[in-house]
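Participant: Pasting query.cif below, which is mmCIF, N, CA and C atoms and all ligand atoms.
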data_protein
#
loop_
_atom_site.label_atom_id
_atom_site.label_comp_id
_atom_site.auth_asym_id
_atom_site.auth_seq_id
_atom_site.Cartn_x
_atom_site.Cartn_y
_atom_site.Cartn_z
N MET A 512 127.74 174.09 -100.71
CA MET A 512 126.83 175.06 -100.11
C MET A 512 126.26 175.96 -101.20
N SER A 513 125.09 176.46 -100.94
CA SER A 513 124.51 177.38 -101.91
C SER A 513 123.65 178.43 -101.22
N LEU A 514 123.57 179.57 -101.88
CA LEU A 514 122.74 180.66 -101.36
C LEU A 514 121.28 180.34 -101.62
N ARG A 515 120.45 180.63 -100.64
CA ARG A 515 119.01 180.43 -100.79
C ARG A 515 118.34 181.80 -100.91
N ASN A 516 117.18 181.79 -101.56
CA ASN A 516 116.36 183.01 -101.63
C ASN A 516 115.71 183.27 -100.28
N ILE A 517 115.73 184.51 -99.85
CA ILE A 517 115.05 184.86 -98.60
C ILE A 517 113.65 185.36 -98.93
N LEU A 518 112.65 184.72 -98.34
CA LEU A 518 111.25 185.09 -98.59
C LEU A 518 110.92 186.39 -97.88
N ASP A 519 109.98 187.13 -98.43
CA ASP A 519 109.58 188.35 -97.73
C ASP A 519 108.33 188.09 -96.87
N GLU A 520 108.00 189.10 -96.08
CA GLU A 520 106.98 188.91 -95.02
C GLU A 520 105.61 188.52 -95.55
N HIS A 521 105.38 188.71 -96.86
CA HIS A 521 104.05 188.38 -97.41
C HIS A 521 103.90 186.89 -97.70
N ASP A 522 104.98 186.14 -97.61
CA ASP A 522 104.88 184.71 -97.88
C ASP A 522 104.23 184.01 -96.68
N PRO A 523 103.19 183.20 -96.92
CA PRO A 523 102.47 182.56 -95.81
C PRO A 523 103.34 181.62 -94.96
N ILE A 524 104.43 181.11 -95.53
CA ILE A 524 105.32 180.23 -94.74
C ILE A 524 105.83 180.98 -93.49
N LEU A 525 106.01 182.30 -93.64
CA LEU A 525 106.54 183.09 -92.52
C LEU A 525 105.52 183.29 -91.40
N ARG A 526 104.29 182.92 -91.65
CA ARG A 526 103.25 183.09 -90.64
C ARG A 526 102.76 181.77 -90.06
N GLY A 527 103.37 180.67 -90.50
CA GLY A 527 102.94 179.37 -89.99
C GLY A 527 103.82 178.90 -88.84
N LYS A 528 103.34 177.86 -88.16
CA LYS A 528 104.14 177.23 -87.11
C LYS A 528 105.03 176.18 -87.77
N CYS A 529 106.28 176.14 -87.40
CA CYS A 529 107.21 175.20 -88.04
C CYS A 529 107.20 173.85 -87.33
N TYR A 530 107.59 172.83 -88.06
CA TYR A 530 107.61 171.46 -87.54
C TYR A 530 108.94 171.14 -86.85
N GLU A 531 108.86 170.29 -85.84
CA GLU A 531 110.08 169.80 -85.18
C GLU A 531 110.91 169.00 -86.18
N VAL A 532 112.21 169.10 -86.04
CA VAL A 532 113.11 168.27 -86.84
C VAL A 532 113.20 166.90 -86.17
N THR A 533 113.01 165.85 -86.96
CA THR A 533 113.10 164.50 -86.40
C THR A 533 114.26 163.71 -87.00
N LEU A 534 114.72 164.12 -88.17
CA LEU A 534 115.83 163.41 -88.82
C LEU A 534 117.09 164.26 -88.80
N PHE A 535 118.11 163.76 -88.13
CA PHE A 535 119.39 164.47 -88.07
C PHE A 535 120.33 163.85 -89.09
N ASN A 536 120.11 164.23 -90.33
CA ASN A 536 120.82 163.59 -91.43
C ASN A 536 121.64 164.61 -92.25
N ASP A 537 122.17 164.14 -93.36
CA ASP A 537 122.99 165.02 -94.21
C ASP A 537 122.20 166.20 -94.74
N ARG A 538 120.91 165.97 -94.98
CA ARG A 538 120.08 167.06 -95.51
C ARG A 538 119.98 168.21 -94.50
N LEU A 539 119.86 167.86 -93.22
CA LEU A 539 119.81 168.89 -92.17
C LEU A 539 121.12 169.69 -92.17
N GLY A 540 122.25 168.97 -92.27
CA GLY A 540 123.54 169.64 -92.30
C GLY A 540 123.65 170.58 -93.49
N MET A 541 123.12 170.14 -94.62
CA MET A 541 123.17 170.97 -95.83
C MET A 541 122.31 172.23 -95.65
N ILE A 542 121.14 172.06 -95.05
CA ILE A 542 120.27 173.23 -94.82
C ILE A 542 120.98 174.23 -93.90
N LEU A 543 121.60 173.71 -92.82
CA LEU A 543 122.31 174.60 -91.89
C LEU A 543 123.46 175.34 -92.58
N ASP A 544 124.22 174.62 -93.41
CA ASP A 544 125.33 175.26 -94.13
C ASP A 544 124.81 176.34 -95.08
N ASP A 545 123.74 176.03 -95.78
CA ASP A 545 123.15 177.01 -96.70
C ASP A 545 122.61 178.22 -95.94
N MET A 546 122.02 177.97 -94.77
CA MET A 546 121.48 179.08 -93.97
C MET A 546 122.59 180.00 -93.50
N LYS A 547 123.71 179.41 -93.04
CA LYS A 547 124.85 180.22 -92.62
C LYS A 547 125.37 181.08 -93.76
N GLU A 548 125.52 180.44 -94.92
CA GLU A 548 126.04 181.16 -96.07
C GLU A 548 125.08 182.28 -96.49
N THR A 549 123.80 181.98 -96.48
CA THR A 549 122.79 182.96 -96.90
C THR A 549 122.73 184.12 -95.92
N MET A 550 122.79 183.81 -94.61
CA MET A 550 122.78 184.85 -93.58
C MET A 550 123.99 185.77 -93.73
N THR A 551 125.16 185.16 -93.91
CA THR A 551 126.40 185.95 -94.02
C THR A 551 126.37 186.84 -95.27
N ALA A 552 125.92 186.27 -96.38
CA ALA A 552 125.87 187.03 -97.63
C ALA A 552 124.90 188.21 -97.53
N ALA A 553 123.84 188.02 -96.72
CA ALA A 553 122.83 189.07 -96.59
C ALA A 553 123.18 190.04 -95.46
N ASP A 554 124.33 189.80 -94.79
CA ASP A 554 124.78 190.66 -93.72
C ASP A 554 123.82 190.65 -92.54
N GLY A 555 123.23 189.48 -92.27
CA GLY A 555 122.30 189.36 -91.15
C GLY A 555 122.99 188.77 -89.93
N VAL A 556 122.32 188.88 -88.77
CA VAL A 556 122.86 188.29 -87.55
C VAL A 556 122.10 187.01 -87.18
N GLY A 557 121.09 186.68 -87.98
CA GLY A 557 120.34 185.46 -87.73
C GLY A 557 119.45 185.14 -88.92
N LEU A 558 119.09 183.86 -89.02
CA LEU A 558 118.19 183.44 -90.10
C LEU A 558 117.45 182.20 -89.63
N ALA A 559 116.16 182.15 -89.93
CA ALA A 559 115.34 180.99 -89.56
C ALA A 559 114.93 180.26 -90.84
N ALA A 560 114.78 178.93 -90.72
CA ALA A 560 114.48 178.12 -91.90
C ALA A 560 113.23 178.57 -92.67
N PRO A 561 112.14 179.00 -92.00
CA PRO A 561 110.98 179.44 -92.79
C PRO A 561 111.31 180.61 -93.72
N GLN A 562 112.33 181.38 -93.36
CA GLN A 562 112.72 182.51 -94.23
C GLN A 562 113.28 182.05 -95.58
N ILE A 563 113.74 180.79 -95.62
CA ILE A 563 114.18 180.26 -96.92
C ILE A 563 113.20 179.19 -97.41
N GLY A 564 111.98 179.24 -96.88
CA GLY A 564 110.92 178.39 -97.40
C GLY A 564 110.86 176.99 -96.82
N ILE A 565 111.57 176.77 -95.70
CA ILE A 565 111.56 175.45 -95.06
C ILE A 565 110.85 175.56 -93.71
N PRO A 566 109.64 175.00 -93.57
CA PRO A 566 108.88 175.18 -92.33
C PRO A 566 109.31 174.21 -91.23
N LYS A 567 110.59 174.29 -90.86
CA LYS A 567 111.14 173.43 -89.80
C LYS A 567 111.77 174.28 -88.73
N ARG A 568 111.87 173.69 -87.51
CA ARG A 568 112.39 174.46 -86.37
C ARG A 568 113.92 174.46 -86.36
N ILE A 569 114.46 175.29 -87.24
CA ILE A 569 115.91 175.41 -87.41
C ILE A 569 116.24 176.90 -87.53
N CYS A 570 117.27 177.35 -86.80
CA CYS A 570 117.76 178.70 -87.06
C CYS A 570 119.25 178.80 -86.79
N VAL A 571 119.85 179.82 -87.36
CA VAL A 571 121.26 180.09 -87.15
C VAL A 571 121.39 181.53 -86.66
N VAL A 572 122.41 181.76 -85.82
CA VAL A 572 122.66 183.09 -85.28
C VAL A 572 124.16 183.32 -85.26
N SER A 573 124.58 184.51 -85.68
CA SER A 573 125.95 184.94 -85.48
C SER A 573 125.98 186.45 -85.40
N VAL A 574 126.21 186.96 -84.20
CA VAL A 574 126.18 188.40 -84.01
C VAL A 574 127.52 189.03 -84.40
N ASP A 575 128.61 188.29 -84.17
CA ASP A 575 129.93 188.87 -84.46
C ASP A 575 130.57 188.31 -85.74
N GLY A 576 129.88 187.42 -86.42
CA GLY A 576 130.45 186.85 -87.65
C GLY A 576 131.53 185.81 -87.39
N LYS A 577 131.78 185.50 -86.11
CA LYS A 577 132.81 184.51 -85.77
C LYS A 577 132.20 183.30 -85.06
N THR A 578 131.36 183.59 -84.06
CA THR A 578 130.69 182.50 -83.35
C THR A 578 129.36 182.22 -84.03
N PHE A 579 129.23 181.00 -84.55
CA PHE A 579 127.97 180.62 -85.20
C PHE A 579 127.21 179.66 -84.31
N TYR A 580 125.95 179.99 -84.05
CA TYR A 580 125.08 179.09 -83.30
C TYR A 580 124.15 178.39 -84.29
N GLU A 581 124.05 177.09 -84.16
CA GLU A 581 123.10 176.31 -84.95
C GLU A 581 122.05 175.77 -83.98
N LEU A 582 120.82 176.20 -84.15
CA LEU A 582 119.78 175.81 -83.21
C LEU A 582 118.73 174.97 -83.93
N VAL A 583 118.60 173.72 -83.50
CA VAL A 583 117.59 172.83 -84.07
C VAL A 583 116.60 172.49 -82.94
N ASN A 584 115.31 172.69 -83.20
CA ASN A 584 114.27 172.52 -82.19
C ASN A 584 114.57 173.32 -80.91
N PRO A 585 114.93 174.59 -81.04
CA PRO A 585 115.29 175.37 -79.84
C PRO A 585 114.09 175.67 -78.95
N VAL A 586 114.37 175.69 -77.65
CA VAL A 586 113.34 176.03 -76.65
C VAL A 586 113.95 177.01 -75.66
N ILE A 587 113.23 178.10 -75.43
CA ILE A 587 113.67 179.05 -74.40
C ILE A 587 113.21 178.50 -73.06
N VAL A 588 114.16 178.17 -72.18
CA VAL A 588 113.77 177.56 -70.91
C VAL A 588 113.68 178.56 -69.76
N LYS A 589 114.36 179.71 -69.94
CA LYS A 589 114.33 180.70 -68.86
C LYS A 589 114.76 182.05 -69.43
N THR A 590 114.21 183.12 -68.90
CA THR A 590 114.67 184.45 -69.30
C THR A 590 114.87 185.30 -68.06
N GLU A 591 115.69 186.35 -68.21
CA GLU A 591 115.93 187.25 -67.09
C GLU A 591 116.12 188.67 -67.60
N GLY A 592 115.49 189.62 -66.95
CA GLY A 592 115.67 191.03 -67.29
C GLY A 592 115.02 191.41 -68.60
N THR A 593 115.17 192.67 -68.95
CA THR A 593 114.65 193.15 -70.24
C THR A 593 115.66 194.11 -70.86
N GLN A 594 115.55 194.26 -72.16
CA GLN A 594 116.33 195.26 -72.89
C GLN A 594 115.48 195.70 -74.07
N ARG A 595 115.76 196.92 -74.52
CA ARG A 595 115.05 197.43 -75.68
C ARG A 595 116.06 197.80 -76.75
N GLY A 596 115.74 197.45 -77.97
CA GLY A 596 116.64 197.79 -79.06
C GLY A 596 115.89 197.82 -80.38
N VAL A 597 116.53 198.45 -81.35
CA VAL A 597 115.93 198.55 -82.68
C VAL A 597 116.26 197.27 -83.45
N GLU A 598 115.23 196.65 -83.99
CA GLU A 598 115.41 195.42 -84.76
C GLU A 598 115.01 195.61 -86.21
N GLY A 599 115.57 194.75 -87.03
CA GLY A 599 115.17 194.65 -88.42
C GLY A 599 115.09 193.17 -88.74
N CYS A 600 114.73 192.84 -89.97
CA CYS A 600 114.58 191.44 -90.36
C CYS A 600 114.90 191.31 -91.84
N LEU A 601 115.65 190.27 -92.19
CA LEU A 601 116.02 190.07 -93.60
C LEU A 601 114.78 189.87 -94.48
N SER A 602 113.66 189.46 -93.86
CA SER A 602 112.42 189.26 -94.63
C SER A 602 111.58 190.53 -94.73
N ILE A 603 111.99 191.57 -94.00
CA ILE A 603 111.24 192.84 -94.03
C ILE A 603 112.23 193.96 -94.34
N PRO A 604 112.78 193.96 -95.53
CA PRO A 604 113.85 194.92 -95.83
C PRO A 604 113.38 196.36 -95.68
N GLY A 605 114.26 197.17 -95.12
CA GLY A 605 113.98 198.61 -95.02
C GLY A 605 113.18 199.02 -93.80
N LYS A 606 112.66 198.03 -93.05
CA LYS A 606 111.84 198.38 -91.89
C LYS A 606 112.59 198.08 -90.58
N HIS A 607 112.51 199.00 -89.64
CA HIS A 607 113.15 198.83 -88.34
C HIS A 607 112.21 199.33 -87.26
N GLY A 608 112.37 198.80 -86.06
CA GLY A 608 111.50 199.28 -84.99
C GLY A 608 111.98 198.80 -83.64
N LEU A 609 111.48 199.49 -82.61
CA LEU A 609 111.90 199.23 -81.23
C LEU A 609 111.11 198.04 -80.65
N VAL A 610 111.86 197.09 -80.10
CA VAL A 610 111.26 195.87 -79.53
C VAL A 610 111.87 195.62 -78.15
N GLU A 611 111.04 195.10 -77.23
CA GLU A 611 111.56 194.71 -75.92
C GLU A 611 111.81 193.22 -75.89
N ARG A 612 112.96 192.83 -75.41
CA ARG A 612 113.36 191.42 -75.31
C ARG A 612 113.96 191.16 -73.94
N PRO A 613 114.10 189.88 -73.58
CA PRO A 613 114.83 189.59 -72.34
C PRO A 613 116.31 189.97 -72.49
N LYS A 614 116.91 190.31 -71.37
CA LYS A 614 118.35 190.65 -71.37
C LYS A 614 119.20 189.38 -71.49
N THR A 615 118.72 188.34 -70.83
CA THR A 615 119.43 187.06 -70.83
C THR A 615 118.45 185.94 -71.14
N VAL A 616 118.84 185.00 -71.98
CA VAL A 616 117.98 183.83 -72.22
C VAL A 616 118.78 182.54 -72.11
N TRP A 617 118.14 181.54 -71.57
CA TRP A 617 118.69 180.19 -71.52
C TRP A 617 117.92 179.35 -72.55
N VAL A 618 118.66 178.74 -73.44
CA VAL A 618 118.03 178.01 -74.54
C VAL A 618 118.60 176.59 -74.62
N GLU A 619 117.71 175.64 -74.83
CA GLU A 619 118.14 174.28 -75.12
C GLU A 619 117.80 173.97 -76.57
N ALA A 620 118.76 173.41 -77.29
CA ALA A 620 118.53 173.10 -78.70
C ALA A 620 119.40 171.90 -79.08
N LYS A 621 119.02 171.25 -80.17
CA LYS A 621 119.85 170.18 -80.70
C LYS A 621 120.85 170.78 -81.68
N ASP A 622 121.99 170.12 -81.84
CA ASP A 622 122.89 170.51 -82.92
C ASP A 622 122.59 169.62 -84.13
N ARG A 623 123.43 169.72 -85.17
CA ARG A 623 123.11 169.00 -86.42
C ARG A 623 123.22 167.48 -86.27
N THR A 624 123.86 167.04 -85.18
CA THR A 624 123.95 165.60 -84.97
C THR A 624 122.85 165.07 -84.05
N GLY A 625 122.05 166.00 -83.50
CA GLY A 625 120.98 165.58 -82.60
C GLY A 625 121.37 165.65 -81.14
N LYS A 626 122.58 166.14 -80.87
CA LYS A 626 123.05 166.28 -79.49
C LYS A 626 122.40 167.49 -78.83
N LEU A 627 121.95 167.33 -77.59
CA LEU A 627 121.32 168.45 -76.86
C LEU A 627 122.39 169.43 -76.38
N CYS A 628 122.21 170.70 -76.68
CA CYS A 628 123.15 171.74 -76.26
C CYS A 628 122.40 172.78 -75.45
N LYS A 629 123.09 173.33 -74.43
CA LYS A 629 122.47 174.36 -73.60
C LYS A 629 123.25 175.65 -73.73
N TYR A 630 122.52 176.74 -73.92
CA TYR A 630 123.17 178.04 -74.12
C TYR A 630 122.60 179.04 -73.13
N LYS A 631 123.49 179.92 -72.67
CA LYS A 631 123.05 181.10 -71.93
C LYS A 631 123.63 182.29 -72.69
N VAL A 632 122.77 183.13 -73.23
CA VAL A 632 123.26 184.25 -74.03
C VAL A 632 122.63 185.56 -73.54
N THR A 633 123.35 186.65 -73.78
CA THR A 633 122.90 187.96 -73.29
C THR A 633 122.96 188.98 -74.41
N ASP A 634 122.40 190.16 -74.10
CA ASP A 634 122.51 191.34 -74.98
C ASP A 634 122.05 191.03 -76.40
N LEU A 635 122.87 191.43 -77.38
CA LEU A 635 122.44 191.27 -78.79
C LEU A 635 122.22 189.82 -79.18
N THR A 636 123.04 188.94 -78.64
CA THR A 636 122.86 187.52 -78.98
C THR A 636 121.53 187.01 -78.45
N ALA A 637 121.13 187.48 -77.27
CA ALA A 637 119.82 187.09 -76.72
C ALA A 637 118.69 187.62 -77.60
N VAL A 638 118.85 188.85 -78.09
CA VAL A 638 117.84 189.43 -79.00
C VAL A 638 117.73 188.56 -80.26
N ALA A 639 118.89 188.20 -80.82
CA ALA A 639 118.88 187.42 -82.06
C ALA A 639 118.26 186.04 -81.83
N PHE A 640 118.59 185.40 -80.71
CA PHE A 640 117.98 184.09 -80.40
C PHE A 640 116.45 184.23 -80.34
N CYS A 641 115.97 185.23 -79.61
CA CYS A 641 114.51 185.41 -79.44
C CYS A 641 113.84 185.72 -80.78
N HIS A 642 114.47 186.60 -81.56
CA HIS A 642 113.92 186.98 -82.87
C HIS A 642 113.80 185.76 -83.78
N GLU A 643 114.85 184.94 -83.81
CA GLU A 643 114.84 183.78 -84.71
C GLU A 643 113.88 182.70 -84.21
N ILE A 644 113.84 182.48 -82.89
CA ILE A 644 112.94 181.46 -82.35
C ILE A 644 111.49 181.88 -82.57
N ASP A 645 111.21 183.19 -82.48
CA ASP A 645 109.87 183.70 -82.82
C ASP A 645 109.46 183.30 -84.24
N HIS A 646 110.42 183.39 -85.18
CA HIS A 646 110.13 183.03 -86.57
C HIS A 646 109.56 181.61 -86.68
N LEU A 647 109.99 180.72 -85.79
CA LEU A 647 109.57 179.31 -85.88
C LEU A 647 108.10 179.14 -85.48
N ASP A 648 107.55 180.19 -84.85
CA ASP A 648 106.12 180.18 -84.51
C ASP A 648 105.34 181.20 -85.33
N GLY A 649 105.94 181.66 -86.41
CA GLY A 649 105.23 182.58 -87.30
C GLY A 649 105.12 184.00 -86.77
N ILE A 650 105.99 184.34 -85.79
CA ILE A 650 105.94 185.68 -85.19
C ILE A 650 107.07 186.54 -85.76
N LEU A 651 106.72 187.75 -86.17
CA LEU A 651 107.71 188.68 -86.72
C LEU A 651 107.90 189.85 -85.75
N PHE A 652 109.06 190.53 -85.86
CA PHE A 652 109.33 191.62 -84.90
C PHE A 652 108.30 192.74 -85.01
N VAL A 653 107.72 192.89 -86.18
CA VAL A 653 106.72 193.97 -86.35
C VAL A 653 105.46 193.71 -85.50
N ASP A 654 105.28 192.46 -85.04
CA ASP A 654 104.15 192.14 -84.15
C ASP A 654 104.40 192.65 -82.74
N LYS A 655 105.66 192.96 -82.44
CA LYS A 655 106.05 193.26 -81.06
C LYS A 655 106.55 194.69 -80.88
N LEU A 656 106.29 195.54 -81.86
CA LEU A 656 106.81 196.90 -81.80
C LEU A 656 106.25 197.64 -80.59
N ILE A 657 107.13 198.41 -79.95
CA ILE A 657 106.70 199.23 -78.83
C ILE A 657 106.16 200.55 -79.39
N ASP A 658 104.96 200.87 -78.98
CA ASP A 658 104.38 202.14 -79.42
C ASP A 658 104.85 203.23 -78.45
N THR A 659 105.88 203.95 -78.86
CA THR A 659 106.45 204.95 -77.95
C THR A 659 105.52 206.14 -77.73
N LYS A 660 104.56 206.31 -78.64
CA LYS A 660 103.61 207.43 -78.47
C LYS A 660 102.69 207.18 -77.28
N LYS A 661 102.41 205.89 -77.01
CA LYS A 661 101.48 205.54 -75.93
C LYS A 661 102.11 205.72 -74.55
N GLU A 662 103.44 205.69 -74.51
CA GLU A 662 104.09 205.69 -73.19
C GLU A 662 104.30 207.10 -72.62
ZN ZN B 701 113.69 187.98 -88.92
#
Here is a file; write its structure as structure tokens.
Ligand code: ZN

Facilitator:
Amino acid sequence: MSLRNILDEHDPILRGKCYEVTLFNDRLGMILDDMKETMTAADGVGLAAPQIGIPKRICVVSVDGKTFYELVNPVIVKTEGTQRGVEGCLSIPGKHGLVERPKTVWVEAKDRTGKLCKYKVTDLTAVAFCHEIDHLDGILFVDKLIDTKKE
């Protein structure tokens, strides 16, 4: 495993749409392992492949540092409720802001072997799933900031 460089928000890769993963091979496993290691070293709760310069639909999430989710080609199939919380991003160091997300999300994704997995996650884990899946479509949390002055 090795640590990867995390790109900052000015890199165009972070604004592009990522490609579906079609090969579930050793290279995919290596990318996932590197992403986990890089996320943990950076003290993050999630990381998407475009953040390390790979424009593929892959992300990892771990809110508690114990349960690691590996999401390949993830799709949000259903959401319920809303929650608001302050978010940050490893690609936008030093910046934080209030974002509204679903309270609960149902997600279908492949694992590193290509097996379809279904997840139902809530609270912070739901926020992290949505934040990372947004990255795969070139969307950053700063695009979704709530303007509290307007309300
Ligand atoms: Zn991010």

Participant: Please return, as JSON, numbers by chain, all polymer residues that have at least one atom within 7 Å of the point (110.0, 199.1, -77.6); use only N, CA and C atoms and the file's own coordinate frame.

Facilitator: {"A": [595, 596, 608, 609, 610, 611, 655, 656, 657, 658, 659]}

Participant: 7 Å from ligand ZN 701 (chain B) is the threshold here; counting only N, CA and C atoms and all ligand atoms, which polymer residues fall inside it? Answer as a list in words.

Facilitator: Gly557, Leu558, Ala559, Gly599, Cys600, Leu601, Ser602, Ile603, His642, Glu643, His646, Leu651 and Phe652 of chain A

Participant: Could those selected residues go to a file with N, CA and C atoms, as a short mmCIF file (atom, residue, chain, number, x, y, z; two decimals), in the frame of the given file?

Facilitator:
data_model
loop_
_atom_site.label_atom_id
_atom_site.label_comp_id
_atom_site.auth_asym_id
_atom_site.auth_seq_id
_atom_site.Cartn_x
_atom_site.Cartn_y
_atom_site.Cartn_z
N GLY A 557 121.09 186.68 -87.98
CA GLY A 557 120.34 185.46 -87.73
C GLY A 557 119.45 185.14 -88.92
N LEU A 558 119.09 183.86 -89.02
CA LEU A 558 118.19 183.44 -90.10
C LEU A 558 117.45 182.20 -89.63
N ALA A 559 116.16 182.15 -89.93
CA ALA A 559 115.34 180.99 -89.56
C ALA A 559 114.93 180.26 -90.84
N GLY A 599 115.57 194.75 -87.03
CA GLY A 599 115.17 194.65 -88.42
C GLY A 599 115.09 193.17 -88.74
N CYS A 600 114.73 192.84 -89.97
CA CYS A 600 114.58 191.44 -90.36
C CYS A 600 114.90 191.31 -91.84
N LEU A 601 115.65 190.27 -92.19
CA LEU A 601 116.02 190.07 -93.60
C LEU A 601 114.78 189.87 -94.48
N SER A 602 113.66 189.46 -93.86
CA SER A 602 112.42 189.26 -94.63
C SER A 602 111.58 190.53 -94.73
N ILE A 603 111.99 191.57 -94.00
CA ILE A 603 111.24 192.84 -94.03
C ILE A 603 112.23 193.96 -94.34
N HIS A 642 114.47 186.60 -81.56
CA HIS A 642 113.92 186.98 -82.87
C HIS A 642 113.80 185.76 -83.78
N GLU A 643 114.85 184.94 -83.81
CA GLU A 643 114.84 183.78 -84.71
C GLU A 643 113.88 182.70 -84.21
N HIS A 646 110.42 183.39 -85.18
CA HIS A 646 110.13 183.03 -86.57
C HIS A 646 109.56 181.61 -86.68
N LEU A 651 106.72 187.75 -86.17
CA LEU A 651 107.71 188.68 -86.72
C LEU A 651 107.90 189.85 -85.75
N PHE A 652 109.06 190.53 -85.86
CA PHE A 652 109.33 191.62 -84.90
C PHE A 652 108.30 192.74 -85.01
#

Participant: Please identify all polymer residues within 5 Å of stretch 582-593 of chain A, counting only N, CA and C atoms, omitting same-chain residues fewer than 4 positions from it, and present them as a VMD selection string.

Facilitator: chain A and resid 568 to 571 612 to 621

Participant: Those residues with N, CA and C atoms, as a PDB file, in the frame of the given file please?

Facilitator:
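Output file again.pdb is given in full below:
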ATOM      1  N   ARG A 568     111.870 173.690 -87.510  1.00  0.00           N
ATOM      2  CA  ARG A 568     112.390 174.460 -86.370  1.00  0.00           C
ATOM      3  C   ARG A 568     113.920 174.460 -86.360  1.00  0.00           C
ATOM      4  N   ILE A 569     114.460 175.290 -87.240  1.00  0.00           N
ATOM      5  CA  ILE A 569     115.910 175.410 -87.410  1.00  0.00           C
ATOM      6  C   ILE A 569     116.240 176.900 -87.530  1.00  0.00           C
ATOM      7  N   CYS A 570     117.270 177.350 -86.800  1.00  0.00           N
ATOM      8  CA  CYS A 570     117.760 178.700 -87.060  1.00  0.00           C
ATOM      9  C   CYS A 570     119.250 178.800 -86.790  1.00  0.00           C
ATOM     10  N   VAL A 571     119.850 179.820 -87.360  1.00  0.00           N
ATOM     11  CA  VAL A 571     121.260 180.090 -87.150  1.00  0.00           C
ATOM     12  C   VAL A 571     121.390 181.530 -86.660  1.00  0.00           C
ATOM     13  N   ARG A 612     112.960 192.830 -75.410  1.00  0.00           N
ATOM     14  CA  ARG A 612     113.360 191.420 -75.310  1.00  0.00           C
ATOM     15  C   ARG A 612     113.960 191.160 -73.940  1.00  0.00           C
ATOM     16  N   PRO A 613     114.100 189.880 -73.580  1.00  0.00           N
ATOM     17  CA  PRO A 613     114.830 189.590 -72.340  1.00  0.00           C
ATOM     18  C   PRO A 613     116.310 189.970 -72.490  1.00  0.00           C
ATOM     19  N   LYS A 614     116.910 190.310 -71.370  1.00  0.00           N
ATOM     20  CA  LYS A 614     118.350 190.650 -71.370  1.00  0.00           C
ATOM     21  C   LYS A 614     119.200 189.380 -71.490  1.00  0.00           C
ATOM     22  N   THR A 615     118.720 188.340 -70.830  1.00  0.00           N
ATOM     23  CA  THR A 615     119.430 187.060 -70.830  1.00  0.00           C
ATOM     24  C   THR A 615     118.450 185.940 -71.140  1.00  0.00           C
ATOM     25  N   VAL A 616     118.840 185.000 -71.980  1.00  0.00           N
ATOM     26  CA  VAL A 616     117.980 183.830 -72.220  1.00  0.00           C
ATOM     27  C   VAL A 616     118.780 182.540 -72.110  1.00  0.00           C
ATOM     28  N   TRP A 617     118.140 181.540 -71.570  1.00  0.00           N
ATOM     29  CA  TRP A 617     118.690 180.190 -71.520  1.00  0.00           C
ATOM     30  C   TRP A 617     117.920 179.350 -72.550  1.00  0.00           C
ATOM     31  N   VAL A 618     118.660 178.740 -73.440  1.00  0.00           N
ATOM     32  CA  VAL A 618     118.030 178.010 -74.540  1.00  0.00           C
ATOM     33  C   VAL A 618     118.600 176.590 -74.620  1.00  0.00           C
ATOM     34  N   GLU A 619     117.710 175.640 -74.830  1.00  0.00           N
ATOM     35  CA  GLU A 619     118.140 174.280 -75.120  1.00  0.00           C
ATOM     36  C   GLU A 619     117.800 173.970 -76.570  1.00  0.00           C
ATOM     37  N   ALA A 620     118.760 173.410 -77.290  1.00  0.00           N
ATOM     38  CA  ALA A 620     118.530 173.100 -78.700  1.00  0.00           C
ATOM     39  C   ALA A 620     119.400 171.900 -79.080  1.00  0.00           C
ATOM     40  N   LYS A 621     119.020 171.250 -80.170  1.00  0.00           N
ATOM     41  CA  LYS A 621     119.850 170.180 -80.700  1.00  0.00           C
ATOM     42  C   LYS A 621     120.850 170.780 -81.680  1.00  0.00           C
TER      43      LYS A 621
END

Participant: DSSP on the backbone: what in stretch 523-658 of chain A comes out helix (DSSP H, G or I), as an NGL selection string?

Facilitator: :A and (523-526 or 537-552 or 560-563 or 634-646 or 652-655)

Participant: Might you pull out every residue within 6 Å of stretch 545-547 of chain A, with all atoms listed in the file counted and same-chain residues fewer than 6 positions away left off, and present them as JSON, numbers by chain?

Facilitator: {"A": [512, 513, 514, 515]}

Participant: Just to confirm, what's the straight-line distance from atom C of A:Ala560 to atom CA of A:Cys529 in Å (one decimal)?

Facilitator: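 These atoms are spaced 8.3 Å apart.
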
Participant: Among chain A, which ones does DSSP place in strand (DSSP E or B), written as a PyMOL selection string?

Facilitator: chain A and resi 530+557-559+567+569-572+580-591+594-598+608-612+615-621+627-633+656

Participant: Separation of atom CA of A:Thr533 and atom CA of A:Cys628, in Å?

Facilitator: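 Atom-to-atom, atom CA of A:Thr533 to atom CA of A:Cys628, that is 16.0 Å.
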
Participant: Return the single residue from A:His521, A:Arg623, A:Arg526, A:Lys577 that is closest to A:Gly540, with distances computed using only C-alpha atoms.

Facilitator: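 Using only C-alpha atoms, A:Gly540 sits closest to A:Arg623.
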
Participant: Kindly give the distance, in Å, that separates atom C of A:Ala552 and atom C of A:Asp519, rounded to a single decimal.

Facilitator: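 Going from atom C of A:Ala552 over to atom C of A:Asp519 covers 16.6 Å.
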